[in-house]
>>> print(open('start.cif').read())   # mmCIF, C-alpha atoms and all ligand atoms
data_final
#
loop_
_atom_site.label_atom_id
_atom_site.label_comp_id
_atom_site.auth_asym_id
_atom_site.auth_seq_id
_atom_site.Cartn_x
_atom_site.Cartn_y
_atom_site.Cartn_z
CA MET A 24 0.00 0.00 0.00
CA THR A 25 1.30 3.51 -0.81
CA THR A 26 2.43 5.48 2.23
CA ILE A 27 0.30 8.59 2.61
CA THR A 28 1.73 11.74 4.15
CA LEU A 29 -0.48 14.49 5.51
CA LYS A 30 0.71 18.09 5.20
CA GLU A 31 -0.82 21.25 6.62
CA LEU A 32 -0.74 23.88 3.88
CA ARG A 33 -1.10 27.61 4.52
CA GLY A 34 -0.14 30.79 2.69
CA THR A 35 2.03 30.21 -0.39
CA ALA A 36 1.99 26.40 0.05
CA LEU A 37 -1.81 26.54 0.08
CA GLU A 38 -1.82 28.77 -2.99
CA ALA A 39 0.47 26.34 -4.81
CA ALA A 40 -1.91 23.42 -4.15
CA LEU A 41 -5.09 25.09 -5.45
CA ASN A 42 -4.88 23.75 -9.02
CA GLU A 43 -4.39 20.19 -7.80
CA LEU A 44 -7.24 20.67 -5.32
CA ALA A 45 -9.46 21.85 -8.18
CA ALA A 46 -8.66 18.71 -10.19
CA LEU A 47 -9.42 16.50 -7.17
CA ARG A 48 -12.73 18.25 -6.52
CA ILE A 49 -13.76 17.85 -10.16
CA GLU A 50 -12.94 14.12 -10.07
CA VAL A 51 -14.36 13.20 -6.64
CA PHE A 52 -17.48 15.38 -6.70
CA ARG A 53 -18.60 13.94 -10.05
CA ASP A 54 -20.03 11.03 -8.06
CA PHE A 55 -23.34 10.98 -6.19
CA PRO A 56 -24.43 12.87 -4.13
CA TYR A 57 -22.55 15.88 -5.57
CA LEU A 58 -22.87 15.02 -9.29
CA TYR A 59 -20.75 18.08 -10.02
CA ASP A 60 -20.00 18.67 -13.68
CA GLY A 61 -16.92 20.65 -12.76
CA ASN A 62 -14.75 23.01 -14.71
CA PHE A 63 -11.74 25.15 -13.89
CA ASP A 64 -13.58 28.48 -14.33
CA TYR A 65 -15.98 27.57 -11.52
CA GLU A 66 -13.07 26.28 -9.46
CA ARG A 67 -11.02 29.47 -9.83
CA ASP A 68 -13.87 31.51 -8.43
CA TYR A 69 -14.78 29.03 -5.67
CA LEU A 70 -11.21 28.38 -4.52
CA SER A 71 -10.40 32.10 -4.29
CA HIS A 72 -12.30 31.95 -0.95
CA TYR A 73 -9.36 30.01 0.49
CA ARG A 74 -6.86 32.85 0.04
CA HIS A 75 -7.23 34.01 3.64
CA GLU A 76 -4.99 34.06 6.66
CA GLN A 77 -7.04 31.58 8.70
CA SER A 78 -7.45 29.08 5.85
CA ILE A 79 -5.79 25.70 5.81
CA ILE A 80 -5.64 22.77 3.46
CA ILE A 81 -4.80 19.35 4.86
CA GLY A 82 -3.14 17.72 1.86
CA ALA A 83 -2.82 13.93 1.62
CA TYR A 84 0.14 13.01 -0.56
CA GLY A 85 1.13 9.73 -2.13
CA GLY A 86 4.69 10.66 -3.04
CA ASN A 87 4.44 14.11 -4.63
CA ARG A 88 0.88 13.62 -5.79
CA LEU A 89 -2.09 15.18 -3.99
CA ILE A 90 -4.51 12.23 -3.62
CA GLY A 91 -6.83 13.83 -1.08
CA ALA A 92 -7.46 17.11 0.70
CA ALA A 93 -9.65 18.77 3.30
CA THR A 94 -10.10 22.49 3.78
CA ALA A 95 -11.09 24.79 6.61
CA GLY A 96 -11.10 28.48 7.45
CA ALA A 97 -12.96 31.30 9.08
CA LEU A 98 -16.70 31.13 8.46
CA ALA A 99 -16.73 34.83 7.60
CA ASP A 100 -14.25 34.25 4.73
CA HIS A 101 -16.07 31.31 3.21
CA ALA A 102 -19.76 31.26 3.65
CA GLU A 103 -21.50 34.59 3.92
CA ALA A 104 -24.58 32.82 2.59
CA PHE A 105 -25.36 31.31 5.96
CA SER A 106 -23.69 33.58 8.49
CA GLN A 107 -26.98 35.42 9.04
CA PRO A 108 -29.11 32.37 9.92
CA LEU A 109 -26.38 31.32 12.37
CA VAL A 110 -26.42 34.75 14.00
CA GLU A 111 -30.20 34.48 14.28
CA ALA A 112 -29.75 31.06 15.90
CA GLY A 113 -27.49 32.69 18.53
CA TYR A 114 -24.03 31.74 17.25
CA ASP A 115 -21.06 34.07 16.80
CA PRO A 116 -19.78 33.54 13.22
CA ASN A 117 -16.39 35.01 14.19
CA ARG A 118 -15.85 32.05 16.46
CA MET A 119 -16.88 29.37 13.98
CA LEU A 120 -14.63 27.21 11.84
CA TYR A 121 -16.01 26.44 8.40
CA CYS A 122 -14.90 23.06 7.09
CA GLY A 123 -15.06 23.00 3.31
CA GLU A 124 -14.64 19.82 1.35
CA SER A 125 -13.02 16.48 2.20
CA VAL A 126 -12.08 14.73 -0.99
CA LEU A 127 -10.10 11.52 -1.33
CA LEU A 128 -9.55 9.37 -4.39
CA LYS A 129 -11.50 6.11 -4.05
CA HIS A 130 -8.43 3.90 -4.00
CA TYR A 131 -7.26 5.47 -0.72
CA ARG A 132 -10.54 5.39 1.24
CA GLY A 133 -11.26 3.32 4.35
CA GLN A 134 -7.87 3.67 6.05
CA GLY A 135 -8.61 6.52 8.45
CA ILE A 136 -7.60 9.52 6.33
CA GLY A 137 -11.11 11.02 6.64
CA HIS A 138 -10.79 10.91 10.45
CA ALA A 139 -7.33 12.52 10.25
CA PHE A 140 -8.78 15.28 8.04
CA PHE A 141 -11.29 16.12 10.80
CA ASP A 142 -8.71 15.79 13.61
CA LYS A 143 -6.36 18.25 11.95
CA ARG A 144 -9.03 20.76 10.93
CA GLU A 145 -10.60 20.75 14.41
CA ALA A 146 -7.15 21.23 15.99
CA HIS A 147 -6.64 24.20 13.63
CA GLY A 148 -10.01 25.62 14.76
CA ARG A 149 -9.11 25.25 18.45
CA ARG A 150 -5.76 26.98 17.85
CA LEU A 151 -7.69 29.88 16.30
CA GLY A 152 -9.97 30.02 19.34
CA LYS A 153 -13.04 28.85 17.48
CA THR A 154 -15.89 27.48 19.60
CA HIS A 155 -17.66 25.52 16.85
CA SER A 156 -16.89 23.65 13.69
CA LEU A 157 -19.39 23.29 10.88
CA PHE A 158 -19.75 22.04 7.35
CA CYS A 159 -22.61 21.65 4.93
CA ALA A 160 -23.69 18.65 2.91
CA VAL A 161 -25.91 18.50 -0.16
CA VAL A 162 -29.42 17.15 0.37
CA ARG A 163 -30.63 14.77 -2.35
CA PRO A 164 -34.02 13.01 -2.50
CA ASP A 165 -33.92 9.30 -1.54
CA ASN A 166 -35.31 8.43 -4.96
CA HIS A 167 -32.77 10.46 -6.97
CA PRO A 168 -32.30 8.63 -10.32
CA LEU A 169 -28.50 8.79 -10.06
CA ARG A 170 -28.25 7.39 -6.50
CA PRO A 171 -26.20 4.18 -6.77
CA GLU A 172 -27.91 1.12 -5.26
CA ASP A 173 -24.94 0.49 -2.99
CA TYR A 174 -24.56 4.15 -1.94
CA GLN A 175 -23.51 4.50 1.71
CA SER A 176 -24.24 7.83 3.33
CA LEU A 177 -21.44 9.51 5.33
CA GLU A 178 -23.97 10.61 7.97
CA PRO A 179 -23.02 7.85 10.47
CA PHE A 180 -19.39 8.97 10.15
CA TRP A 181 -20.28 12.62 10.76
CA ARG A 182 -22.44 11.74 13.80
CA LYS A 183 -19.63 9.58 15.19
CA ARG A 184 -17.37 12.63 14.85
CA GLY A 185 -19.83 14.60 17.02
CA TYR A 186 -21.53 16.62 14.26
CA LEU A 187 -25.31 17.06 14.17
CA PRO A 188 -27.53 18.57 11.48
CA GLU A 189 -28.75 21.94 12.75
CA GLN A 190 -32.52 21.69 12.31
CA GLY A 191 -33.89 24.18 9.78
CA LEU A 192 -30.44 25.54 8.89
CA LEU A 193 -30.10 25.08 5.16
CA THR A 194 -28.11 27.10 2.72
CA HIS A 195 -27.84 26.89 -1.06
CA TYR A 196 -24.90 26.40 -3.38
CA ASN A 197 -25.13 26.57 -7.13
CA TRP A 198 -23.43 24.23 -9.58
CA LYS A 199 -24.20 22.23 -12.73
CA ASP A 200 -25.11 18.57 -12.21
CA ILE A 201 -23.78 16.01 -14.70
CA ASP A 202 -27.36 15.23 -15.84
CA GLN A 203 -28.60 18.84 -16.10
CA PRO A 204 -28.17 21.39 -18.90
CA GLU A 205 -27.64 24.36 -16.54
CA ALA A 206 -26.42 25.08 -13.03
CA THR A 207 -29.11 24.76 -10.34
CA ASP A 208 -29.34 25.68 -6.64
CA LYS A 209 -28.72 22.81 -4.22
CA PRO A 210 -30.07 22.72 -0.66
CA MET A 211 -27.15 22.20 1.74
CA GLN A 212 -27.71 21.04 5.33
CA VAL A 213 -25.50 22.66 7.95
CA TRP A 214 -23.83 20.20 10.38
CA LEU A 215 -22.42 21.61 13.61
CA LYS A 216 -20.17 20.56 16.49
CA ALA A 217 -18.87 22.36 19.59
CA LEU A 218 -15.08 22.27 19.68
C1 LIG B 1 -15.18 11.75 3.08
C2 LIG B 1 -13.94 10.93 2.73
C3 LIG B 1 -12.77 11.87 2.51
C4 LIG B 1 -13.63 10.00 3.92
O1 LIG B 1 -12.46 9.35 3.61
P1 LIG B 1 -11.92 7.98 4.24
O2 LIG B 1 -10.46 8.12 4.42
O3 LIG B 1 -12.41 6.84 3.46
O4 LIG B 1 -12.56 7.95 5.69
P2 LIG B 1 -12.06 7.03 6.90
O5 LIG B 1 -11.30 5.85 6.41
O6 LIG B 1 -11.42 7.92 7.92
O7 LIG B 1 -13.42 6.50 7.43
C5 LIG B 1 -14.31 7.37 8.04
C6 LIG B 1 -15.63 6.72 8.24
O8 LIG B 1 -16.30 6.72 6.99
C7 LIG B 1 -17.10 5.56 6.91
N1 LIG B 1 -16.73 4.91 5.68
C8 LIG B 1 -15.57 4.35 5.31
N2 LIG B 1 -15.66 3.90 4.05
C9 LIG B 1 -16.88 4.22 3.62
C10 LIG B 1 -17.56 4.05 2.41
N3 LIG B 1 -17.01 3.42 1.37
N4 LIG B 1 -18.81 4.53 2.32
C11 LIG B 1 -19.39 5.17 3.36
N5 LIG B 1 -18.79 5.35 4.53
C12 LIG B 1 -17.56 4.87 4.65
C13 LIG B 1 -16.90 4.75 8.12
O9 LIG B 1 -17.97 5.04 9.00
C14 LIG B 1 -15.62 5.30 8.72
O10 LIG B 1 -15.67 5.34 10.07
P3 LIG B 1 -15.18 4.13 11.02
O11 LIG B 1 -14.59 3.05 10.15
O12 LIG B 1 -14.18 4.77 11.88
O13 LIG B 1 -16.41 3.71 11.69
C15 LIG B 1 -14.19 10.07 1.45
O14 LIG B 1 -15.23 9.17 1.72
C16 LIG B 1 -14.55 10.88 0.22
O15 LIG B 1 -13.69 11.47 -0.44
N6 LIG B 1 -15.87 10.89 -0.14
C17 LIG B 1 -16.35 11.60 -1.33
C18 LIG B 1 -16.44 13.11 -1.13
C19 LIG B 1 -17.41 13.50 -0.04
O16 LIG B 1 -18.56 13.12 -0.04
N7 LIG B 1 -16.89 14.29 0.94
C20 LIG B 1 -17.66 14.72 2.07
C21 LIG B 1 -18.38 15.96 1.85
S1 LIG B 1 -17.37 17.31 1.34
#
>>> encode(input="start.cif", output="structure tokens")
Amino acid sequence: MTTITLKELRGTALEAALNELAALRIEVFRDFPYLYDGNFDYERDYLSHYRHEQSIIIGAYGGNRLIGAATAGALADHAEAFSQPLVEAGYDPNRMLYCGESVLLKHYRGQGIGHAFFDKREAHGRRLGKTHSLFCAVVRPDNHPLRPEDYQSLEPFWRKRGYLPEQGLLTHYNWKDIDQPEATDKPMQVWLKAL
């Protein structure tokens, strides 16, 4: 089995990894439930949100190749779309860590890298003095035509990590699905954990 090394990337090292991260996102998120018909124009815009002081990428490397990555940063830098509902729910967005994607090529799954991605991002959040960590996950209908029969939800994993879906807290992201002609809005459930 290839030895995987995890690196914490910030600043210029983070910047240097963005193109590889874009390629990983396009490959991994093509599958259900994301079904993302990705392109580098969308990625350039989306990934620009990571060019901030509190942002981090946890890069998983097999040799010199980025085979997986997880991202995190200040909520205020990443997700204005749902800061307001969090404020209304009584949270302080300045003290919240926003976990972006976790993406890992299929070949490398099931050996604990997903746990390590959370461990390292949550440690980063604690170092920054954040009180909560959150992420959002796309909501798809159970009968979606592209849901594979053997699809296993990651929800049990997230719950085991101490995250819970915040009832009624949904945001929307917009991207083009592989089976749609145009980009559409996707409901995204916010999952939250106290650090
Ligand atoms: C999320 C992801 C990075 C996790 O990677 P991973 O290294 O396989 O995760 P781990 O080996 O640490 O396993 C974590 C947990 O996931 C679950 N799991 C492992 N393999 C799984 C699979 N094939 N399907 C569903 N759940 C699985 C298990 O519950 C496991 O926990 P446990 O064995 O400790 O009980 C990877 O599954 C992935 O890239 N998925 C596609 C992208 C995605 O949906 N990302 C999340 C939203 S951004």
>>> residues_around(input="start.cif", residues="A:Asp60", least_positions_apart="6", cutoff="10 Å", atoms="only C-alpha atoms", output="PyMOL selection string")
chain A and resi 49-50+52-54+198-203+205-206
>>> write_last_selection(input="start.cif", atoms="C-alpha atoms", output="PDB file, in the frame of the given file")
ATOM      1  CA  ILE A  49     -13.760  17.850 -10.160  1.00  0.00           C
ATOM      2  CA  GLU A  50     -12.940  14.120 -10.070  1.00  0.00           C
ATOM      3  CA  PHE A  52     -17.480  15.380  -6.700  1.00  0.00           C
ATOM      4  CA  ARG A  53     -18.600  13.940 -10.050  1.00  0.00           C
ATOM      5  CA  ASP A  54     -20.030  11.030  -8.060  1.00  0.00           C
ATOM      6  CA  TRP A 198     -23.430  24.230  -9.580  1.00  0.00           C
ATOM      7  CA  LYS A 199     -24.200  22.230 -12.730  1.00  0.00           C
ATOM      8  CA  ASP A 200     -25.110  18.570 -12.210  1.00  0.00           C
ATOM      9  CA  ILE A 201     -23.780  16.010 -14.700  1.00  0.00           C
ATOM     10  CA  ASP A 202     -27.360  15.230 -15.840  1.00  0.00           C
ATOM     11  CA  GLN A 203     -28.600  18.840 -16.100  1.00  0.00           C
ATOM     12  CA  GLU A 205     -27.640  24.360 -16.540  1.00  0.00           C
ATOM     13  CA  ALA A 206     -26.420  25.080 -13.030  1.00  0.00           C
TER      14      ALA A 206
END
>>> closest_residue(input="start.cif", among="A:Leu89, A:Leu177, A:Ala217, A:Leu37", to="A:Leu157", atoms="all atoms listed in the file")
A:Ala217
>>> closest_atom_pairs(input="start.cif", of="chain A", to="ligand LIG 1 (chain B)", cutoff="6 Å", atoms="only C-alpha atoms and all ligand atoms", output="Markdown table")
| residue | atom | partner | partner_atom | distance |
| --- | --- | --- | --- | --- |
| A:Val51 | CA | B:LIG1 | C18 | 5.9 |
| A:Glu124 | CA | B:LIG1 | S1 | 3.7 |
| A:Ser125 | CA | B:LIG1 | S1 | 4.5 |
| A:Val126 | CA | B:LIG1 | O15 | 3.7 |
| A:Leu127 | CA | B:LIG1 | O15 | 3.7 |
| A:Arg132 | CA | B:LIG1 | O3 | 3.2 |
| A:Gly133 | CA | B:LIG1 | O5 | 3.3 |
| A:Gln134 | CA | B:LIG1 | O5 | 4.1 |
| A:Gly135 | CA | B:LIG1 | O6 | 3.2 |
| A:Ile136 | CA | B:LIG1 | O2 | 3.7 |
| A:Gly137 | CA | B:LIG1 | O6 | 3.4 |
| A:His138 | CA | B:LIG1 | O6 | 4.0 |
| A:Gln175 | CA | B:LIG1 | C11 | 4.5 |
| A:Ser176 | CA | B:LIG1 | C11 | 5.5 |
| A:Leu177 | CA | B:LIG1 | N5 | 5.0 |
| A:Pro179 | CA | B:LIG1 | O9 | 6.0 |
| A:Phe180 | CA | B:LIG1 | O9 | 4.3 |
>>> residues_around(input="start.cif", residues="A:Glu172", least_positions_apart="6", cutoff="12 Å", atoms="all atoms listed in the file", output="list in words")
Phe55, Asp165 and Asn166 of chain A
>>> write_last_selection(input="start.cif", atoms="C-alpha atoms", output="mmCIF file, in the frame of the given file")
data_model
loop_
_atom_site.group_PDB
_atom_site.id
_atom_site.type_symbol
_atom_site.label_atom_id
_atom_site.label_comp_id
_atom_site.auth_asym_id
_atom_site.auth_seq_id
_atom_site.Cartn_x
_atom_site.Cartn_y
_atom_site.Cartn_z
ATOM 1 C CA PHE A 55 -23.340 10.980 -6.190
ATOM 2 C CA ASP A 165 -33.920 9.300 -1.540
ATOM 3 C CA ASN A 166 -35.310 8.430 -4.960
#
>>> closest_residue(input="start.cif", among="A:Lys143, A:Arg74, A:Arg48, A:Arg182", to="A:Thr35", atoms="all atoms listed in the file")
A:Arg74
